[in-house]
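Okay, start10.cif is below, mmCIF, C-alpha atoms:
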```cif
data_work
loop_
_atom_site.group_PDB
_atom_site.id
_atom_site.type_symbol
_atom_site.label_atom_id
_atom_site.label_comp_id
_atom_site.auth_asym_id
_atom_site.auth_seq_id
_atom_site.Cartn_x
_atom_site.Cartn_y
_atom_site.Cartn_z
ATOM 1 C CA MET V 166 40.437 61.324 40.256
ATOM 2 C CA ASP V 167 39.144 62.714 36.969
ATOM 3 C CA ARG V 168 36.292 64.820 38.293
ATOM 4 C CA ILE V 169 36.186 67.683 40.768
ATOM 5 C CA PRO V 170 33.225 67.215 43.101
ATOM 6 C CA ILE V 171 30.517 69.871 43.066
ATOM 7 C CA LEU V 172 28.692 70.246 46.358
ATOM 8 C CA LYS V 173 25.238 71.749 46.652
ATOM 9 C CA MET V 174 24.895 74.077 49.652
ATOM 10 C CA GLY V 175 21.544 75.798 49.805
ATOM 11 C CA ASP V 176 21.146 77.923 46.693
ATOM 12 C CA ALA V 177 24.795 77.649 45.731
ATOM 13 C CA LEU V 178 27.197 75.094 44.312
ATOM 14 C CA LEU V 179 30.581 74.827 45.996
ATOM 15 C CA VAL V 180 33.704 73.720 44.165
ATOM 16 C CA THR V 181 37.045 73.365 45.939
ATOM 17 C CA ILE V 182 39.963 73.245 43.550
ATOM 18 C CA GLN V 183 42.782 71.244 45.095
ATOM 19 C CA VAL V 184 44.533 69.618 42.181
ATOM 20 C CA ASP V 185 46.464 71.015 39.279
ATOM 21 C CA MET V 186 44.017 71.799 36.518
ATOM 22 C CA HIS V 187 44.732 70.470 33.076
ATOM 23 C CA ASP V 188 42.711 70.937 29.912
ATOM 24 C CA ARG V 189 40.464 67.900 30.237
ATOM 25 C CA LEU V 190 39.783 68.448 33.937
ATOM 26 C CA ALA V 191 38.875 72.100 33.346
ATOM 27 C CA MET V 192 36.494 71.164 30.531
ATOM 28 C CA ALA V 193 34.943 68.411 32.644
ATOM 29 C CA LEU V 194 34.451 70.889 35.489
ATOM 30 C CA GLU V 195 32.759 73.414 33.203
ATOM 31 C CA GLU V 196 30.448 70.741 31.791
ATOM 32 C CA ASP V 197 29.629 69.289 35.197
ATOM 33 C CA LEU V 198 28.941 72.727 36.640
ATOM 34 C CA THR V 199 26.646 73.668 33.787
ATOM 35 C CA ALA V 200 24.739 70.393 34.106
ATOM 36 C CA LYS V 201 24.479 70.782 37.879
ATOM 37 C CA ILE V 202 23.244 74.378 37.686
ATOM 38 C CA ALA V 203 20.537 73.214 35.289
ATOM 39 C CA ALA V 204 19.676 70.132 37.370
ATOM 40 C CA THR V 205 19.544 71.819 40.787
ATOM 41 C CA GLY V 206 18.443 75.312 39.838
ATOM 42 C CA ALA V 207 21.374 76.704 41.800
ATOM 43 C CA ARG V 208 21.675 80.495 41.746
ATOM 44 C CA GLY V 209 25.309 80.792 42.752
ATOM 45 C CA VAL V 210 28.648 79.133 42.093
ATOM 46 C CA LEU V 211 31.351 79.427 44.741
ATOM 47 C CA ILE V 212 34.849 78.383 43.706
ATOM 48 C CA ASP V 213 37.416 78.017 46.460
ATOM 49 C CA ILE V 214 40.994 78.324 45.250
ATOM 50 C CA SER V 215 42.697 78.611 48.643
ATOM 51 C CA ALA V 216 44.720 75.479 47.893
ATOM 52 C CA LEU V 217 46.174 76.919 44.692
ATOM 53 C CA GLU V 218 49.650 78.376 45.013
ATOM 54 C CA ILE V 219 49.786 79.306 41.364
ATOM 55 C CA VAL V 220 47.000 80.666 39.181
ATOM 56 C CA ASP V 221 48.180 81.028 35.612
ATOM 57 C CA SER V 222 46.400 82.432 32.594
ATOM 58 C CA PHE V 223 44.862 79.001 31.923
ATOM 59 C CA ILE V 224 43.093 78.875 35.267
ATOM 60 C CA GLY V 225 42.242 82.562 34.996
ATOM 61 C CA ARG V 226 40.529 81.872 31.680
ATOM 62 C CA MET V 227 38.748 78.842 33.127
ATOM 63 C CA LEU V 228 37.361 80.955 35.975
ATOM 64 C CA ASP V 229 36.254 83.598 33.485
ATOM 65 C CA ASN V 230 34.583 80.935 31.337
ATOM 66 C CA ILE V 231 32.751 79.405 34.263
ATOM 67 C CA ALA V 232 31.546 82.845 35.333
ATOM 68 C CA ALA V 233 30.325 83.636 31.815
ATOM 69 C CA VAL V 234 28.450 80.351 31.403
ATOM 70 C CA SER V 235 26.965 80.585 34.896
ATOM 71 C CA ARG V 236 25.792 84.116 34.207
ATOM 72 C CA VAL V 237 23.954 82.926 31.115
ATOM 73 C CA LEU V 238 22.309 80.295 33.324
ATOM 74 C CA ASP V 239 21.385 83.057 35.812
ATOM 75 C CA ALA V 240 23.882 82.121 38.516
ATOM 76 C CA VAL V 241 26.427 84.405 40.217
ATOM 77 C CA THR V 242 30.043 83.211 40.362
ATOM 78 C CA VAL V 243 32.260 84.056 43.316
ATOM 79 C CA VAL V 244 35.910 83.036 43.608
ATOM 80 C CA ALA V 245 36.972 82.669 47.230
ATOM 81 C CA GLY V 246 40.190 82.174 49.139
ATOM 82 C CA MET V 247 42.705 83.593 46.709
ATOM 83 C CA ARG V 248 46.126 83.865 48.312
ATOM 84 C CA PRO V 249 47.693 87.336 48.390
ATOM 85 C CA ALA V 250 50.673 86.164 46.315
ATOM 86 C CA VAL V 251 48.295 84.757 43.711
ATOM 87 C CA ALA V 252 46.428 88.062 43.530
ATOM 88 C CA ILE V 253 49.694 89.920 42.931
ATOM 89 C CA THR V 254 50.761 87.500 40.202
ATOM 90 C CA LEU V 255 47.351 87.684 38.528
ATOM 91 C CA VAL V 256 47.467 91.448 38.286
ATOM 92 C CA GLU V 257 51.075 91.344 37.078
ATOM 93 C CA LEU V 258 49.947 88.916 34.368
ATOM 94 C CA GLY V 259 47.285 91.412 33.369
ATOM 95 C CA LEU V 260 44.480 89.063 34.462
ATOM 96 C CA SER V 261 42.181 90.969 36.744
ATOM 97 C CA LEU V 262 39.256 88.513 36.616
ATOM 98 C CA ASN V 263 36.868 91.233 35.571
ATOM 99 C CA GLY V 264 33.834 89.025 35.088
ATOM 100 C CA VAL V 265 34.266 87.294 38.428
ATOM 101 C CA ARG V 266 33.376 88.461 41.924
ATOM 102 C CA THR V 267 35.807 87.565 44.675
ATOM 103 C CA ALA V 268 35.650 87.025 48.416
ATOM 104 C CA LEU V 269 38.311 86.505 51.066
ATOM 105 C CA ASP V 270 36.980 83.130 52.156
ATOM 106 C CA VAL V 271 34.158 80.701 51.486
ATOM 107 C CA GLU V 272 32.022 82.045 54.308
ATOM 108 C CA ARG V 273 32.108 85.600 52.927
ATOM 109 C CA GLY V 274 31.638 84.237 49.417
ATOM 110 C CA MET V 275 28.500 82.448 50.524
ATOM 111 C CA ARG V 276 27.235 85.647 52.177
ATOM 112 C CA LEU V 277 27.997 87.553 48.975
ATOM 113 C CA ILE V 278 25.913 85.116 46.921
ATOM 114 C CA GLN V 279 23.129 85.131 49.516
ATOM 115 C CA GLY V 280 23.188 88.921 49.612
ATOM 116 C CA GLN V 281 22.942 89.088 45.853
ATOM 117 C CA LEU V 282 19.976 86.679 45.839
ATOM 118 C CA ASP V 283 18.254 88.521 48.691
ATOM 119 C CA GLN V 284 18.666 91.755 46.772
ATOM 120 C CA GLU V 285 17.118 90.172 43.684
ATOM 121 C CA GLY V 286 14.408 88.678 45.889
ATOM 122 C CA LEU V 287 13.781 92.137 47.328
ATOM 123 C CA GLY V 288 13.650 93.501 43.803
ATOM 124 C CA ALA V 289 11.053 90.887 42.904
ATOM 125 C CA ASP V 290 9.096 91.606 46.090
ATOM 126 C CA ASP V 291 9.197 95.328 45.379
ATOM 127 C CA LYS V 292 7.958 94.652 41.907
ATOM 128 C CA ALA V 293 5.177 92.427 43.250
ATOM 129 C CA ARG V 294 4.266 95.058 45.813
ATOM 130 C CA GLY V 295 4.342 97.704 43.117
ATOM 131 C CA ASP V 296 2.055 95.590 40.961
ATOM 132 C CA ALA V 297 -0.296 95.048 43.866
ATOM 133 C CA ARG V 298 -0.336 98.779 44.533
ATOM 134 C CA GLY V 299 -0.993 99.366 40.871
ATOM 135 C CA ARG V 300 -3.839 96.894 40.960
ATOM 136 C CA ARG V 301 -5.284 98.468 44.093
ATOM 137 C CA ALA V 302 -5.074 101.948 42.531
ATOM 138 C CA ARG V 303 -7.064 100.799 39.528
ATOM 139 C CA MET U 48 49.413 70.212 46.791
ATOM 140 C CA ASP U 49 50.466 69.005 50.218
ATOM 141 C CA ARG U 50 47.509 70.292 52.221
ATOM 142 C CA ILE U 51 43.799 69.674 51.950
ATOM 143 C CA PRO U 52 41.941 72.968 52.409
ATOM 144 C CA ILE U 53 39.581 73.265 55.359
ATOM 145 C CA LEU U 54 36.698 75.641 54.778
ATOM 146 C CA LYS U 55 34.770 77.297 57.576
ATOM 147 C CA MET U 56 31.030 77.359 56.952
ATOM 148 C CA GLY U 57 29.070 78.758 59.860
ATOM 149 C CA ASP U 58 29.660 76.517 62.868
ATOM 150 C CA ALA U 59 31.208 73.735 60.826
ATOM 151 C CA LEU U 60 34.437 72.995 58.997
ATOM 152 C CA LEU U 61 34.125 71.476 55.551
ATOM 153 C CA VAL U 62 36.759 69.205 54.045
ATOM 154 C CA THR U 63 36.434 67.797 50.545
ATOM 155 C CA ILE U 64 38.729 64.870 49.926
ATOM 156 C CA GLN U 65 39.596 64.704 46.246
ATOM 157 C CA VAL U 66 43.078 63.263 46.132
ATOM 158 C CA ASP U 67 44.489 59.920 47.122
ATOM 159 C CA MET U 68 45.366 60.055 50.774
ATOM 160 C CA HIS U 69 48.805 58.970 51.842
ATOM 161 C CA ASP U 70 50.290 58.829 55.337
ATOM 162 C CA ARG U 71 51.727 62.333 55.441
ATOM 163 C CA LEU U 72 48.667 63.968 53.916
ATOM 164 C CA ALA U 73 46.357 62.196 56.366
ATOM 165 C CA MET U 74 48.491 63.282 59.312
ATOM 166 C CA ALA U 75 48.647 66.850 58.019
ATOM 167 C CA LEU U 76 44.859 66.867 57.644
ATOM 168 C CA GLU U 77 44.349 65.631 61.193
ATOM 169 C CA GLU U 78 46.735 68.259 62.558
ATOM 170 C CA ASP U 79 45.241 71.067 60.476
ATOM 171 C CA LEU U 80 41.707 70.094 61.471
ATOM 172 C CA THR U 81 42.573 69.994 65.154
ATOM 173 C CA ALA U 82 44.263 73.393 64.947
ATOM 174 C CA LYS U 83 41.350 74.861 63.015
ATOM 175 C CA ILE U 84 38.733 73.525 65.433
ATOM 176 C CA ALA U 85 40.661 75.136 68.264
ATOM 177 C CA ALA U 86 41.218 78.402 66.354
ATOM 178 C CA THR U 87 37.664 78.869 65.063
ATOM 179 C CA GLY U 88 35.664 77.192 67.801
ATOM 180 C CA ALA U 89 33.919 75.105 65.167
ATOM 181 C CA ARG U 90 31.372 72.640 66.522
ATOM 182 C CA GLY U 91 31.166 70.326 63.537
ATOM 183 C CA VAL U 92 33.418 68.702 60.963
ATOM 184 C CA LEU U 93 31.923 67.717 57.632
ATOM 185 C CA ILE U 94 34.051 65.472 55.426
ATOM 186 C CA ASP U 95 32.898 65.010 51.845
ATOM 187 C CA ILE U 96 34.214 61.826 50.247
ATOM 188 C CA SER U 97 32.002 61.830 47.145
ATOM 189 C CA ALA U 98 35.100 61.971 44.948
ATOM 190 C CA LEU U 99 36.580 58.816 46.442
ATOM 191 C CA GLU U 100 36.008 55.656 44.467
ATOM 192 C CA ILE U 101 37.913 53.537 46.933
ATOM 193 C CA VAL U 102 37.917 53.816 50.714
ATOM 194 C CA ASP U 103 40.348 51.327 52.211
ATOM 195 C CA SER U 104 41.111 50.523 55.814
ATOM 196 C CA PHE U 105 43.665 53.357 55.886
ATOM 197 C CA ILE U 106 41.103 56.011 55.040
ATOM 198 C CA GLY U 107 38.550 54.320 57.279
ATOM 199 C CA ARG U 108 40.989 54.593 60.178
ATOM 200 C CA MET U 109 41.769 58.204 59.305
ATOM 201 C CA LEU U 110 38.059 59.086 59.405
ATOM 202 C CA ASP U 111 37.714 57.277 62.730
ATOM 203 C CA ASN U 112 40.731 59.155 64.102
ATOM 204 C CA ILE U 113 39.422 62.528 62.977
ATOM 205 C CA ALA U 114 36.048 61.772 64.553
ATOM 206 C CA ALA U 115 37.677 60.735 67.824
ATOM 207 C CA VAL U 116 39.896 63.816 68.050
ATOM 208 C CA SER U 117 37.035 66.132 67.063
ATOM 209 C CA ARG U 118 34.821 64.579 69.706
ATOM 210 C CA VAL U 119 37.422 65.324 72.350
ATOM 211 C CA LEU U 120 37.416 68.919 71.099
ATOM 212 C CA ASP U 121 33.604 68.937 71.347
ATOM 213 C CA ALA U 122 32.874 68.829 67.605
ATOM 214 C CA VAL U 123 30.610 66.393 65.755
ATOM 215 C CA THR U 124 32.045 64.635 62.705
ATOM 216 C CA VAL U 125 29.845 63.770 59.734
ATOM 217 C CA VAL U 126 31.071 61.944 56.632
ATOM 218 C CA ALA U 127 29.025 62.872 53.573
ATOM 219 C CA GLY U 128 28.694 61.682 50.010
ATOM 220 C CA MET U 129 29.856 58.112 50.319
ATOM 221 C CA ARG U 130 29.249 56.204 47.097
ATOM 222 C CA PRO U 131 27.061 53.088 47.374
ATOM 223 C CA ALA U 132 29.878 50.862 46.102
ATOM 224 C CA VAL U 133 32.195 52.307 48.740
ATOM 225 C CA ALA U 134 29.642 51.585 51.466
ATOM 226 C CA ILE U 135 29.394 47.961 50.324
ATOM 227 C CA THR U 136 33.170 47.564 50.266
ATOM 228 C CA LEU U 137 33.537 49.159 53.704
ATOM 229 C CA VAL U 138 31.084 46.743 55.273
ATOM 230 C CA GLU U 139 32.702 43.805 53.485
ATOM 231 C CA LEU U 140 36.041 44.926 54.919
ATOM 232 C CA GLY U 141 34.479 44.909 58.357
ATOM 233 C CA LEU U 142 34.817 48.696 58.673
ATOM 234 C CA SER U 143 31.470 50.097 59.658
ATOM 235 C CA LEU U 144 32.702 53.564 60.749
ATOM 236 C CA ASN U 145 31.062 53.181 64.138
ATOM 237 C CA GLY U 146 32.335 56.416 65.613
ATOM 238 C CA VAL U 147 31.341 58.482 62.601
ATOM 239 C CA ARG U 148 27.949 59.833 61.577
ATOM 240 C CA THR U 149 27.145 59.768 57.881
ATOM 241 C CA ALA U 150 24.901 61.716 55.510
ATOM 242 C CA LEU U 151 23.967 61.222 51.879
ATOM 243 C CA ASP U 152 25.319 64.583 50.767
ATOM 244 C CA VAL U 153 26.932 67.719 52.137
ATOM 245 C CA GLU U 154 23.634 69.551 52.453
ATOM 246 C CA ARG U 155 22.119 66.849 54.656
ATOM 247 C CA GLY U 156 25.387 66.558 56.539
ATOM 248 C CA MET U 157 25.273 70.258 57.321
ATOM 249 C CA ARG U 158 21.650 69.917 58.476
ATOM 250 C CA LEU U 159 22.674 66.966 60.659
ATOM 251 C CA ILE U 160 25.386 69.035 62.350
ATOM 252 C CA GLN U 161 23.049 72.022 62.707
ATOM 253 C CA GLY U 162 20.348 69.766 64.129
ATOM 254 C CA GLN U 163 22.767 68.346 66.651
ATOM 255 C CA LEU U 164 23.893 71.835 67.714
ATOM 256 C CA ASP U 165 20.310 73.105 67.923
ATOM 257 C CA GLN U 166 19.460 70.153 70.125
ATOM 258 C CA GLU U 167 22.401 70.938 72.404
ATOM 259 C CA GLY U 168 21.427 74.606 72.323
ATOM 260 C CA LEU U 169 17.893 73.609 73.344
ATOM 261 C CA GLY U 170 19.370 71.525 76.118
ATOM 262 C CA ALA U 171 21.379 74.515 77.334
ATOM 263 C CA ASP U 172 18.311 76.795 77.108
ATOM 264 C CA ASP U 173 16.256 74.275 79.068
ATOM 265 C CA LYS U 174 18.963 74.180 81.670
ATOM 266 C CA ALA U 175 19.086 77.972 81.806
ATOM 267 C CA ARG U 176 15.311 78.151 82.082
ATOM 268 C CA GLY U 177 15.406 75.493 84.781
ATOM 269 C CA ASP U 178 18.009 77.520 86.679
ATOM 270 C CA ALA U 179 15.934 80.656 86.310
ATOM 271 C CA ARG U 180 12.887 78.832 87.590
ATOM 272 C CA GLY U 181 14.945 77.498 90.453
ATOM 273 C CA ARG U 182 16.105 81.000 91.271
ATOM 274 C CA ARG U 183 12.578 82.394 91.078
ATOM 275 C CA ALA U 184 11.302 79.637 93.397
ATOM 276 C CA ARG U 185 13.862 80.577 96.011
#
```
Could you render the structure from this file as structure tokens?
Amino acid sequence: MDRIPILKMGDALLVTIQVDMHDRLAMALEEDLTAKIAATGARGVLIDISALEIVDSFIGRMLDNIAAVSRVLDAVTVVAGMRPAVAITLVELGLSLNGVRTALDVERGMRLIQGQLDQEGLGADDKARGDARGRRAR
Amino acid sequence: MDRIPILKMGDALLVTIQVDMHDRLAMALEEDLTAKIAATGARGVLIDISALEIVDSFIGRMLDNIAAVSRVLDAVTVVAGMRPAVAITLVELGLSLNGVRTALDVERGMRLIQGQLDQEGLGADDKARGDARGRRAR
């Protein structure tokens, strides 16, 4: 297996990391994700790491990278399912995943992405309404 | 990694198979799935096999088993993302996954499960309405 599958679920892409990440696999994942965001117009990336017992600085950096690239492509990144022990280790390592939003599980992660999109949608609606009001006032 | 993560998404459980399945892993997956269906009250099981380049009789049997056990626990099983080459091989092997529903990708698989549940829900509503009508007639 030299590719991690990326599943489209509504407006989001779901990635479940189950295998040990090595350099090439991480790069392939970043490339595939970027291509898939562009191809599908996905607005969110949900990465489930509940299978990972160890998250080292390499994976931490990969998650940060994915979040940064996704943000440039206008997609929110949420990391879901981190084990408590992993969270402790991450903080001890000084990796606090600043650029990445987190959720307890995939379901909440999906809600987080949806909430974010709804909020943006609302923003757009408000703007549209504001414009309409502006037009009416003229 | 000795466990395949099972993700809860709404009424369904999502399993992405990315690694080569061996006996113990397949048994662990079946056990975990059964426990999770019971614990969460999930009504559907969605198994994504888009990462698998080869599906042999062992995996075919595992999928059949999972579908059979899920059915007993009142959950629909849908296998999603099968590669065309895999489908050809399966049929050539004489494995047509009779007990399992299939979908082209996870998104359609999820819709299939949702559709099935809605239909059952409709059935239950009809029954309830029928009962109400019966009661009113009395």
Task: Test item: chain V residues at most 6 Å from chain U, counting only C-alpha atoms, as a ChimeraX atom specification - done: /V:170,174,216,272
Based on the selection just made, write C-alpha atoms of those residues as a short mmCIF file (atom, residue, chain, number, x, y, z; two decimals), in the coordinates of the input.
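Output contents, as saved in part.cif:
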```cif
data_model
loop_
_atom_site.label_atom_id
_atom_site.label_comp_id
_atom_site.auth_asym_id
_atom_site.auth_seq_id
_atom_site.Cartn_x
_atom_site.Cartn_y
_atom_site.Cartn_z
CA PRO V 170 33.22 67.22 43.10
CA MET V 174 24.90 74.08 49.65
CA ALA V 216 44.72 75.48 47.89
CA GLU V 272 32.02 82.04 54.31
#
```
Open item on the list: Could you list, as a VMD selection string, every residue within 7 Å of Arg266 in chain V, counting all atoms listed in the file and ignoring same-chain residues fewer than 2 positions away?
Closed with: chain V and resid 242 to 244 264
- [ ] Give as a VMD selection string every residue, naming chains and numbers as the document does, that has an atom within 10 Å of (28.1, 84.0, 42.7), counting only C-alpha atoms.
- [x] chain V and resid 177 to 178 207 to 212 232 235 to 236 239 to 244 265 to 268 274 to 282
Mind doing a quick least-squares superposition of chain V onto chain U, all C-alpha atoms paired one-to-one in order, and writing it out as an mmCIF file with C-alpha atoms, in the frame of the given file?
```cif
data_model
loop_
_atom_site.group_PDB
_atom_site.id
_atom_site.type_symbol
_atom_site.label_atom_id
_atom_site.label_comp_id
_atom_site.auth_asym_id
_atom_site.auth_seq_id
_atom_site.Cartn_x
_atom_site.Cartn_y
_atom_site.Cartn_z
ATOM 1 C CA MET V 166 49.391 70.163 46.663
ATOM 2 C CA ASP V 167 50.450 68.933 50.095
ATOM 3 C CA ARG V 168 47.532 70.237 52.122
ATOM 4 C CA ILE V 169 43.802 69.630 51.884
ATOM 5 C CA PRO V 170 41.965 72.926 52.324
ATOM 6 C CA ILE V 171 39.629 73.259 55.294
ATOM 7 C CA LEU V 172 36.752 75.648 54.724
ATOM 8 C CA LYS V 173 34.855 77.314 57.535
ATOM 9 C CA MET V 174 31.093 77.399 56.925
ATOM 10 C CA GLY V 175 29.160 78.808 59.840
ATOM 11 C CA ASP V 176 29.752 76.589 62.854
ATOM 12 C CA ALA V 177 31.288 73.796 60.814
ATOM 13 C CA LEU V 178 34.501 73.034 58.969
ATOM 14 C CA LEU V 179 34.155 71.489 55.526
ATOM 15 C CA VAL V 180 36.776 69.205 54.027
ATOM 16 C CA THR V 181 36.421 67.779 50.524
ATOM 17 C CA ILE V 182 38.700 64.836 49.906
ATOM 18 C CA GLN V 183 39.556 64.649 46.222
ATOM 19 C CA VAL V 184 43.031 63.197 46.103
ATOM 20 C CA ASP V 185 44.421 59.852 47.093
ATOM 21 C CA MET V 186 45.324 60.001 50.752
ATOM 22 C CA HIS V 187 48.764 58.891 51.782
ATOM 23 C CA ASP V 188 50.247 58.764 55.260
ATOM 24 C CA ARG V 189 51.725 62.254 55.360
ATOM 25 C CA LEU V 190 48.659 63.902 53.831
ATOM 26 C CA ALA V 191 46.347 62.162 56.309
ATOM 27 C CA MET V 192 48.501 63.251 59.248
ATOM 28 C CA ALA V 193 48.675 66.806 57.914
ATOM 29 C CA LEU V 194 44.887 66.845 57.561
ATOM 30 C CA GLU V 195 44.387 65.634 61.131
ATOM 31 C CA GLU V 196 46.799 68.257 62.467
ATOM 32 C CA ASP V 197 45.307 71.055 60.388
ATOM 33 C CA LEU V 198 41.780 70.105 61.406
ATOM 34 C CA THR V 199 42.666 70.018 65.080
ATOM 35 C CA ALA V 200 44.378 73.407 64.853
ATOM 36 C CA LYS V 201 41.451 74.881 62.926
ATOM 37 C CA ILE V 202 38.842 73.564 65.366
ATOM 38 C CA ALA V 203 40.806 75.184 68.184
ATOM 39 C CA ALA V 204 41.360 78.434 66.260
ATOM 40 C CA THR V 205 37.797 78.914 64.992
ATOM 41 C CA GLY V 206 35.807 77.258 67.752
ATOM 42 C CA ALA V 207 34.026 75.172 65.134
ATOM 43 C CA ARG V 208 31.472 72.717 66.517
ATOM 44 C CA GLY V 209 31.247 70.393 63.541
ATOM 45 C CA VAL V 210 33.484 68.753 60.964
ATOM 46 C CA LEU V 211 31.953 67.746 57.640
ATOM 47 C CA ILE V 212 34.050 65.482 55.432
ATOM 48 C CA ASP V 213 32.881 65.001 51.867
ATOM 49 C CA ILE V 214 34.170 61.819 50.264
ATOM 50 C CA SER V 215 31.943 61.820 47.176
ATOM 51 C CA ALA V 216 35.026 61.931 44.952
ATOM 52 C CA LEU V 217 36.503 58.776 46.467
ATOM 53 C CA GLU V 218 35.912 55.607 44.487
ATOM 54 C CA ILE V 219 37.809 53.497 46.966
ATOM 55 C CA VAL V 220 37.848 53.779 50.747
ATOM 56 C CA ASP V 221 40.281 51.300 52.229
ATOM 57 C CA SER V 222 41.053 50.513 55.839
ATOM 58 C CA PHE V 223 43.626 53.335 55.888
ATOM 59 C CA ILE V 224 41.074 55.999 55.043
ATOM 60 C CA GLY V 225 38.527 54.327 57.303
ATOM 61 C CA ARG V 226 40.981 54.601 60.186
ATOM 62 C CA MET V 227 41.765 58.211 59.296
ATOM 63 C CA LEU V 228 38.063 59.095 59.405
ATOM 64 C CA ASP V 229 37.731 57.321 62.745
ATOM 65 C CA ASN V 230 40.763 59.192 64.088
ATOM 66 C CA ILE V 231 39.469 62.555 62.960
ATOM 67 C CA ALA V 232 36.102 61.817 64.558
ATOM 68 C CA ALA V 233 37.752 60.795 67.832
ATOM 69 C CA VAL V 234 39.982 63.872 68.018
ATOM 70 C CA SER V 235 37.128 66.186 67.036
ATOM 71 C CA ARG V 236 34.919 64.664 69.704
ATOM 72 C CA VAL V 237 37.544 65.408 72.333
ATOM 73 C CA LEU V 238 37.548 68.996 71.056
ATOM 74 C CA ASP V 239 33.728 69.029 71.330
ATOM 75 C CA ALA V 240 32.979 68.911 67.609
ATOM 76 C CA VAL V 241 30.683 66.468 65.779
ATOM 77 C CA THR V 242 32.091 64.684 62.720
ATOM 78 C CA VAL V 243 29.874 63.820 59.772
ATOM 79 C CA VAL V 244 31.065 61.970 56.673
ATOM 80 C CA ALA V 245 29.017 62.897 53.619
ATOM 81 C CA GLY V 246 28.644 61.694 50.061
ATOM 82 C CA MET V 247 29.801 58.115 50.377
ATOM 83 C CA ARG V 248 29.141 56.196 47.179
ATOM 84 C CA PRO V 249 26.955 53.091 47.482
ATOM 85 C CA ALA V 250 29.763 50.848 46.201
ATOM 86 C CA VAL V 251 32.102 52.295 48.819
ATOM 87 C CA ALA V 252 29.570 51.598 51.566
ATOM 88 C CA ILE V 253 29.295 47.972 50.447
ATOM 89 C CA THR V 254 33.070 47.541 50.359
ATOM 90 C CA LEU V 255 33.462 49.156 53.780
ATOM 91 C CA VAL V 256 31.022 46.771 55.391
ATOM 92 C CA GLU V 257 32.602 43.809 53.598
ATOM 93 C CA LEU V 258 35.960 44.933 55.002
ATOM 94 C CA GLY V 259 34.411 44.940 58.453
ATOM 95 C CA LEU V 260 34.773 48.729 58.758
ATOM 96 C CA SER V 261 31.436 50.147 59.748
ATOM 97 C CA LEU V 262 32.695 53.591 60.824
ATOM 98 C CA ASN V 263 31.071 53.255 64.207
ATOM 99 C CA GLY V 264 32.381 56.488 65.672
ATOM 100 C CA VAL V 265 31.363 58.544 62.660
ATOM 101 C CA ARG V 266 27.967 59.893 61.651
ATOM 102 C CA THR V 267 27.145 59.817 57.963
ATOM 103 C CA ALA V 268 24.909 61.751 55.603
ATOM 104 C CA LEU V 269 23.937 61.252 51.972
ATOM 105 C CA ASP V 270 25.293 64.605 50.846
ATOM 106 C CA VAL V 271 26.926 67.743 52.187
ATOM 107 C CA GLU V 272 23.639 69.593 52.511
ATOM 108 C CA ARG V 273 22.127 66.893 54.740
ATOM 109 C CA GLY V 274 25.416 66.609 56.611
ATOM 110 C CA MET V 275 25.316 70.309 57.365
ATOM 111 C CA ARG V 276 21.703 69.989 58.554
ATOM 112 C CA LEU V 277 22.726 67.047 60.736
ATOM 113 C CA ILE V 278 25.459 69.113 62.399
ATOM 114 C CA GLN V 279 23.136 72.107 62.758
ATOM 115 C CA GLY V 280 20.434 69.883 64.216
ATOM 116 C CA GLN V 281 22.868 68.444 66.710
ATOM 117 C CA LEU V 282 24.008 71.935 67.765
ATOM 118 C CA ASP V 283 20.429 73.215 67.991
ATOM 119 C CA GLN V 284 19.573 70.257 70.188
ATOM 120 C CA GLU V 285 22.524 71.029 72.454
ATOM 121 C CA GLY V 286 21.538 74.698 72.377
ATOM 122 C CA LEU V 287 18.011 73.691 73.363
ATOM 123 C CA GLY V 288 19.470 71.564 76.130
ATOM 124 C CA ALA V 289 21.432 74.560 77.378
ATOM 125 C CA ASP V 290 18.364 76.798 77.104
ATOM 126 C CA ASP V 291 16.274 74.259 78.990
ATOM 127 C CA LYS V 292 18.914 74.128 81.647
ATOM 128 C CA ALA V 293 19.022 77.928 81.835
ATOM 129 C CA ARG V 294 15.243 78.058 82.002
ATOM 130 C CA GLY V 295 15.272 75.368 84.655
ATOM 131 C CA ASP V 296 17.812 77.347 86.651
ATOM 132 C CA ALA V 297 15.745 80.487 86.298
ATOM 133 C CA ARG V 298 12.670 78.597 87.457
ATOM 134 C CA GLY V 299 14.668 77.240 90.347
ATOM 135 C CA ARG V 300 15.802 80.726 91.232
ATOM 136 C CA ARG V 301 12.269 82.081 90.989
ATOM 137 C CA ALA V 302 10.956 79.265 93.211
ATOM 138 C CA ARG V 303 13.463 80.128 95.908
#
```
- [ ] Counting only C-alpha atoms, select every polymer residue within 12 Å of (38.9, 81.7, 30.2) as defined in the file's coordinates, and provide the selection as a ChimeraX atom specification.
- [x] /V:188,191-192,195,221-234,260-265
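Picture a line from CA of Met186 in chain V to CA of Met247 in chain V; it runs 15.6 Å.
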Task: Atom pair CA of Leu80 in chain U / CA of Leu61 in chain U: separation (Å) - done: 9.7 Å
